[in-house]
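**Student:** Have a look at this one.
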Amino acid sequence: MKSQARVVIIGGGAIGTSILYHLAKYGWNDAVLLEKHELTSGSTWMAAGNCSYYHPSYYATQVNMKSIELYQQLESETGQSTGWHTTGSIRTADNPDRMDELGYYYSMNRCLGLDVRWVTPEEIAELHPLMNVEGLSGGLYWPDDGDVDPSMVTQAMAIGARKYGGEINTHTRVTGIQRRGADWVVHTDKGDIVCQWVVNAAGLWAPQVGAMVGLEIPSIAIRHTHILFEAMDVVKNREKMLPLVRDPDRSIYIRQEMDSLILGMYEKVGQQWYPEGVPWDYAQEELPEDIDNIMENIEHGVFRFPLLEQSGFKHVTVGPITYTPNGDPLVGPAYPLRNFFLACGYSFGITQAGGIGHYIAGWIMEGEPEIDLWHLDGRRYGAWANWAYNREKIADTYPRLYSIFFPNEWRDAARPNRTSPIYEQQKAAGAVFGDYYGWECPNYFTDNDQDRYEKPSWRRSNAFKHVAVECRHVSEHVGLLDLTRFAKTRICGPGAEAWLNRMTCQRVPTEEGRIALCPMLDHNGAFKSDMTVTKVGQNDYLCITASVGKRHDQHWMLLNLPDDGSVSLTDLTYTQGCFVIAGPKSRELLAAAAHGDVSNEAFAFGTSRELYVGRVKCRVNRMNYVGELGYEIFHPIEEQITLYQTLAAAGEPLQLRMFGMHAMESMRLEKGYLAWKAEMNVHHTPLETNIAWTVKWDKDFIGRAALEKVRDAGVPRKLVALAVEAEDSDPWGYNPIFQGDRQVGMTSSGGYGHRVQKSIALGYVSQELADPGTRLEVEILGKMRPAEVVAMPLYDPKNERMKS
């Protein structure tokens, strides 16, 4: 075994083997894979091998696409069959909400150029004549889906990896990992390997491997079952293979396996297996059957495929598969480490193995991801997603893996988790909460008991009328929004200004008390993070980023800190609270509550001051995300209740009331404000947006060289606002934009603007279509809706209200 390597991959399942294969193929052949037993002996051996283009995420769908592309050509490259069959797949619906969900996937898949088709119950019966279509409303059909043999595809990738120079060491167990200077030392029972990069693809054992370097990885194994039925003549005698069928409303899938059918399921009670840690000596061992636990799913299978009733079980496969709090894997850089990647937590590993190997290899080699994999990024969870949290969450997630995905659903499991000090006051005011990066945040407020739960829907929900009231109130009076969840980072030291100017394309403030919008870019000139920077003192800056991006953004900062100690980073997120007060009466409220002159002349837009608000010393920024006169009030979190009481008392004669996240989202769309991982992701640059003015070409910054190339070649796309005739379903993002029969763009986000009373979509189109008045169409839930490009922002275009 080598004692040195560039990359060490821990885990010889389909995921780890794919990463090794792609690294070696792309030229990093000094890579080593370590597997404690044989390849595929963790979860890969028992996987069903279904390969579908379907995924709720636009970018994760691209991972699936890359997998299928690889599996279809591996045999010609390596000589090893993958067992690939192109069968097509059907995803059924038996209720209107499911049809809406399928409508969203249909539109999103069309953005990717996939062949996806609506099918009626009658057409489903033609595609799969053994199926009972009773009760179905319809479905989607992907003719290019298929399946592979999981062991064969892993062996094919292993052959390819060795062909290109990669090394595989089986029966080699990792016993520890240490940092030594700029390198990692991986200890094994066969000796040590010194390397630059480590990839944790250890599957069932990923949490134990993570613990070796201080990581708590939210991944737990659950027993998963699929049943192979005895041979059926009606299947054996077919000339063409039957398509895979997913009946998500019955939580089952069925596909052809040789001359029979496999039935897989997600039962109501997921049985966690060794949640404290899978034994190291486990390898490719079937677990005991529990037919009673899956009986309801078997009955569902018999209903949908009556011939199963006449066939016995040939084999019941029960094995462990890993699950994370939301069922999606954990990939990418591991916070707060350098050169340590995750590729674990996979419950649909075969579906994504080929693709994620390609994207992680590229990410390691190039330093940036080829596509935006935030939906799968392990940094989407913070320290709050610990082992105990995950146990509760998975118990709720596993039975719902086939449930309808709603964009406005907030499940109750493992909540409340992290709350602001005024949580009880919010509840008393009628808050209906959502879960944002572990924080309980009000989505809206209501005094109607029937609306204290937002009914999940792809259409306008029961929250709609309450959000309208909140938006109107903020525009006419004054509202208070709790944004304590903001990620807050202090940057200080003699090198702080120069370092921040390197980190952002904007010029950071040089005058104390000034605020600047400062996008951070990656090395390709695309958005890395959305950040505001306030100079609070000499060599002292307060940086605010999105709460959900806390670990992502702070990791980027940590990895780029200078080695000379001239810049220090302090996380203030959990010590500082933040209230936003906004509306035409917000200055009156601040004047009544604070000590000091807060007139427009003394406290102009875009400035920051230290003020006592009541007895609480605060940092008050005249800035907000809703487009009204307003202020962000940062304060010691232990004094939040005192501050709230002061504002509430001063605001009573001004009709102060709290408002929630839904109202903020509505108002930011009206102003054309960009959202992180919507308008601002790795596929877009500031030059395409309405904040191109933040790019200061007279200084150096990360991504400048790449951005210059974009500028000189001509910016190909433009962010536009569209007013959509949406009826009762607004655009959510990833809706295709059409001009006639030609797709010309895609929405990035959308919703309803209550102040302008229009359905709004933000999205990217070519420059020639970006002029206001251009007529286009937006496809929403599979239906075309007329749309028109409108001048941005729709609300208060001269910013007179904010700056008044």
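Residues in the structure tokens are named by chain (A, B, ... in the order shown) and by number from 1 within that chain; ligands are numbered from 1 in the order shown.
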List every residue of region 226-357 of chain A that DSSP, applied to the backbone, labels as helix (DSSP H, G or I), and write the result as an NGL selection string.

**Tutor:** :A and (233-236 or 248-250 or 291-304 or 306-310 or 349-357)

**Student:** Output C-alpha atoms for every residue in that selection, as a CSV table (one decimal), in the first residue's frame.

**Tutor:**
chain,number,residue,atom,x,y,z
A,233,ASP,CA,-44.6,-16.6,-17.2
A,234,VAL,CA,-46.4,-13.4,-18.2
A,235,VAL,CA,-43.2,-11.5,-17.4
A,236,LYS,CA,-40.8,-14.1,-18.8
A,248,PRO,CA,-45.8,7.3,-4.2
A,249,ASP,CA,-49.3,7.6,-2.7
A,250,ARG,CA,-48.9,4.0,-1.6
A,291,ILE,CA,-43.0,-9.0,7.4
A,292,ASP,CA,-45.5,-7.6,9.9
A,293,ASN,CA,-43.9,-4.2,9.5
A,294,ILE,CA,-44.2,-4.2,5.8
A,295,MET,CA,-47.5,-6.0,5.4
A,296,GLU,CA,-49.5,-2.8,4.5
A,297,ASN,CA,-47.0,-2.0,1.7
A,298,ILE,CA,-47.3,-5.6,0.4
A,299,GLU,CA,-51.0,-5.2,0.3
A,300,HIS,CA,-50.6,-1.9,-1.6
A,301,GLY,CA,-48.4,-3.8,-4.1
A,302,VAL,CA,-51.0,-6.5,-4.5
A,303,PHE,CA,-53.7,-3.9,-5.1
A,304,ARG,CA,-51.6,-2.1,-7.8
A,306,PRO,CA,-52.9,-8.1,-8.7
A,307,LEU,CA,-50.8,-10.9,-10.2
A,308,LEU,CA,-48.5,-10.6,-7.1
A,309,GLU,CA,-51.2,-12.3,-5.1
A,310,GLN,CA,-50.7,-15.4,-7.2
A,349,GLY,CA,-26.8,5.9,-3.8
A,350,ILE,CA,-26.9,4.0,-7.1
A,351,THR,CA,-29.1,6.7,-8.7
A,352,GLN,CA,-26.4,9.3,-8.0
A,353,ALA,CA,-23.2,7.4,-7.6
A,354,GLY,CA,-21.9,7.9,-11.2
A,355,GLY,CA,-22.9,11.6,-11.3
A,356,ILE,CA,-21.7,12.6,-7.8
A,357,GLY,CA,-18.3,11.0,-8.5

**Student:** At a cut-off of 6 Å, using only C-alpha atoms, what residues contact region 570-573 of chain A? Leave out same-chain residues fewer than 2 positions from it and give the result as a ChimeraX atom specification.

**Tutor:** /A:487-490,575-576

**Student:** Taking 2 positions as the minimum chain separation for residues in the same chain, which residues sit within 9 Å of Leu20 (chain A) when counting only C-alpha atoms? Answer as a PyMOL selection string.

**Tutor:** chain A and resi 7-9+15-18+22-25+28-29+31-33+157-158+161-162+166-168+357+361

**Student:** Restrict the selected residues to C-alpha atoms and save them as an mmCIF file, in the first residue's frame.

**Tutor:**
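Result file is part.cif:
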data_model
loop_
_atom_site.group_PDB
_atom_site.id
_atom_site.type_symbol
_atom_site.label_atom_id
_atom_site.label_comp_id
_atom_site.auth_asym_id
_atom_site.auth_seq_id
_atom_site.Cartn_x
_atom_site.Cartn_y
_atom_site.Cartn_z
ATOM 1 C CA VAL A 7 -6.329 11.892 -2.342
ATOM 2 C CA VAL A 8 -7.489 9.139 0.010
ATOM 3 C CA ILE A 9 -11.085 7.968 -0.383
ATOM 4 C CA ILE A 15 -20.019 6.330 -4.251
ATOM 5 C CA GLY A 16 -16.369 6.004 -3.217
ATOM 6 C CA THR A 17 -15.477 3.884 -6.232
ATOM 7 C CA SER A 18 -17.046 6.441 -8.557
ATOM 8 C CA HIS A 22 -13.378 9.996 -11.994
ATOM 9 C CA LEU A 23 -10.302 11.415 -10.241
ATOM 10 C CA ALA A 24 -8.079 8.901 -11.994
ATOM 11 C CA LYS A 25 -9.764 9.384 -15.355
ATOM 12 C CA TRP A 28 -5.359 12.664 -10.600
ATOM 13 C CA ASN A 29 -4.175 9.069 -10.701
ATOM 14 C CA ALA A 31 -5.496 8.561 -5.546
ATOM 15 C CA VAL A 32 -6.124 5.652 -3.191
ATOM 16 C CA LEU A 33 -9.369 4.029 -2.069
ATOM 17 C CA MET A 157 -15.936 1.728 -12.119
ATOM 18 C CA ALA A 158 -13.241 -0.087 -10.134
ATOM 19 C CA ALA A 161 -10.198 3.449 -11.847
ATOM 20 C CA ARG A 162 -7.331 0.917 -11.937
ATOM 21 C CA GLY A 166 -6.116 4.669 -9.230
ATOM 22 C CA GLU A 167 -5.323 2.255 -6.401
ATOM 23 C CA ILE A 168 -7.837 0.182 -4.437
ATOM 24 C CA GLY A 357 -18.298 10.977 -8.525
ATOM 25 C CA ALA A 361 -13.839 14.910 -8.522
#

**Student:** Tell me which protein, DNA and RNA residues are within 10 Å of Tyr389 (chain A), counting only C-alpha atoms, leaving out same-chain ones fewer than 3 positions away, and put them as JSON, numbers by chain.

**Tutor:** {"A": [218, 325, 384, 385, 386, 392, 393, 394, 413, 414, 415, 417]}

**Student:** May I have the residues within 8 Å of Asp700 (chain A) as a compact mmCIF listing (two decimals) with N, CA, C and O atoms, in the first residue's frame, using only C-alpha atoms and disregarding those fewer than 2 positions away in the same chain?

**Tutor:**
# COMPACT_ATOMS: atom_id res chain seq x y z
N ASN A 501 -11.52 43.46 0.98
CA ASN A 501 -11.53 43.96 -0.40
C ASN A 501 -11.10 42.87 -1.38
O ASN A 501 -11.51 42.87 -2.54
N ARG A 502 -10.30 41.94 -0.92
CA ARG A 502 -9.93 40.80 -1.76
C ARG A 502 -11.08 39.80 -1.84
O ARG A 502 -11.30 39.16 -2.87
N CYS A 505 -16.20 41.68 -4.52
CA CYS A 505 -16.01 42.53 -5.71
C CYS A 505 -16.34 43.98 -5.42
O CYS A 505 -15.96 44.88 -6.18
N TRP A 697 -13.94 47.57 -10.66
CA TRP A 697 -12.88 47.05 -11.52
C TRP A 697 -11.51 47.63 -11.18
O TRP A 697 -10.49 47.14 -11.69
N ASP A 698 -11.47 48.64 -10.32
CA ASP A 698 -10.19 49.27 -10.01
C ASP A 698 -9.48 48.63 -8.82
O ASP A 698 -8.58 49.22 -8.23
N ILE A 702 -11.20 38.12 -5.63
CA ILE A 702 -11.36 36.74 -6.08
C ILE A 702 -12.42 36.69 -7.17
O ILE A 702 -13.53 37.20 -7.01
N ARG A 704 -12.01 38.03 -10.22
CA ARG A 704 -11.94 39.16 -11.16
C ARG A 704 -11.54 38.73 -12.56
O ARG A 704 -12.16 39.15 -13.55

**Student:** Against region 435-447 of chain A, which residues of region 654-681 of chain A fall within 10 Å? For each one I want the closest pair of atoms and the distance in Å (one decimal), counting only C-alpha atoms, rows by chain and increasing residue number, as CSV.

**Tutor:**
residue,atom,partner,partner_atom,distance
A:Arg657,CA,A:Phe445,CA,9.5
A:Met658,CA,A:Phe445,CA,7.6
A:Phe659,CA,A:Tyr444,CA,6.1
A:Gly660,CA,A:Tyr444,CA,4.5
A:Met661,CA,A:Asn443,CA,4.6
A:His662,CA,A:Asn443,CA,5.3
A:Ala663,CA,A:Tyr444,CA,7.3
A:Met664,CA,A:Asn443,CA,9.1
A:Glu665,CA,A:Asn443,CA,9.8

**Student:** Counting only C-alpha atoms, figure out which residue out of A:Ala60, A:Ala675, A:Ile254, A:Leu376 gets nearest to Gly345 (chain A).

**Tutor:**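 When distances to Gly345 (chain A) are compared using only C-alpha atoms, the smallest one comes from A:Leu376.
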
**Student:** With only C-alpha atoms as the atoms that count, which of A:Leu70, A:Ile321, A:Ile220, A:Ile404 lies nearest to Asn95 (chain A)?

**Tutor:**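 Counting only C-alpha atoms, the residue closest to Asn95 (chain A) is A:Ile404.
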
**Student:** Which neighbours of His552 (chain A) fall inside 6 Å, counting only C-alpha atoms, when residues of the same chain fewer than 3 positions from it are skipped, and could you give them as a compact mmCIF listing (two decimals) with all heavy atoms, in the first residue's frame?

**Tutor:**
# COMPACT_ATOMS: atom_id res chain seq x y z
N ARG A 379 -23.03 21.27 4.52
CA ARG A 379 -23.02 22.50 5.33
C ARG A 379 -24.40 23.14 5.42
O ARG A 379 -24.54 24.18 6.09
CB ARG A 379 -21.99 23.48 4.75
CG ARG A 379 -20.57 23.00 4.87
CD ARG A 379 -19.59 23.83 4.06
NE ARG A 379 -19.87 23.74 2.63
CZ ARG A 379 -19.12 24.32 1.70
NH1 ARG A 379 -18.05 25.01 2.05
NH2 ARG A 379 -19.44 24.21 0.42
N GLY A 549 -26.80 29.91 5.01
CA GLY A 549 -25.45 29.80 4.48
C GLY A 549 -24.37 30.01 5.50
O GLY A 549 -23.20 30.19 5.15
N HIS A 555 -17.09 29.07 6.26
CA HIS A 555 -16.06 28.14 5.79
C HIS A 555 -15.21 28.79 4.70
O HIS A 555 -13.97 28.69 4.71
CB HIS A 555 -16.73 26.87 5.26
CG HIS A 555 -15.81 25.69 5.19
ND1 HIS A 555 -16.15 24.53 4.56
CD2 HIS A 555 -14.56 25.49 5.68
CE1 HIS A 555 -15.16 23.65 4.66
NE2 HIS A 555 -14.18 24.21 5.33

**Student:** Using backbone DSSP assignments, extract all strand (DSSP E or B) residues from region 238-361 of chain A; output them as a VMD selection string.

**Tutor:** chain A and resid 244 to 247 252 to 257 260 to 265 272 313 to 323 330 to 333 340 to 344

**Student:** Give me, as JSON lines, each residue of region 692-781 of chain A that comes within 9 Å of region 462-471 of chain A, together with its shortest interatomic pair and the distance in Å at one decimal, counting only C-alpha atoms, with rows ordered by chain and rising residue number.

**Tutor:**
{"residue": "A:Tyr752", "atom": "CA", "partner": "A:Phe464", "partner_atom": "CA", "distance": 9.0}
{"residue": "A:Gly753", "atom": "CA", "partner": "A:Ala468", "partner_atom": "CA", "distance": 8.7}
{"residue": "A:His754", "atom": "CA", "partner": "A:Ala468", "partner_atom": "CA", "distance": 5.5}
{"residue": "A:Arg755", "atom": "CA", "partner": "A:Cys471", "partner_atom": "CA", "distance": 6.6}

**Student:** Write out as an MDAnalysis selection string each polymer residue whose atoms come within 6 Å of region 311-317 of chain A, counting only C-alpha atoms; drop sequence neighbours fewer than 6 positions from it.

**Tutor:** chainID A and resid 225:230

**Student:** Which one of A:Val185, A:Ile581, A:Val720, A:Val198 sits closest to Leu337 (chain A) if you count only C-alpha atoms?

**Tutor:** A:Val198

**Student:** For CA of Gln284 (chain A) and CA of Pro320 (chain A), determine how far apart the two atoms are, in Å to one decimal place.

**Tutor:**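 Computed distance, CA of Gln284 (chain A) to CA of Pro320 (chain A), equals 9.5 Å.
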
**Student:** When you count only C-alpha atoms, which of these residues is closest to Ala594 (chain A): A:Ser568, A:Val153, A:Ala650, A:Gly577?

**Tutor:** A:Ala650

**Student:** Using only C-alpha atoms, what table do you get, as a Markdown table, when you list each residue of region 311-371 of chain A with an atom no more than 10 Å from region 511-523 of chain A, its nearest pair of atoms, and their distance in Å rounded to one decimal, rows by chain then rising number?

**Tutor:**
| residue | atom | partner | partner_atom | distance |
| --- | --- | --- | --- | --- |
| A:Glu366 | CA | A:His523 | CA | 9.4 |
| A:Gly367 | CA | A:His523 | CA | 8.2 |
| A:Glu368 | CA | A:Asp522 | CA | 7.3 |
| A:Pro369 | CA | A:Asp522 | CA | 9.8 |
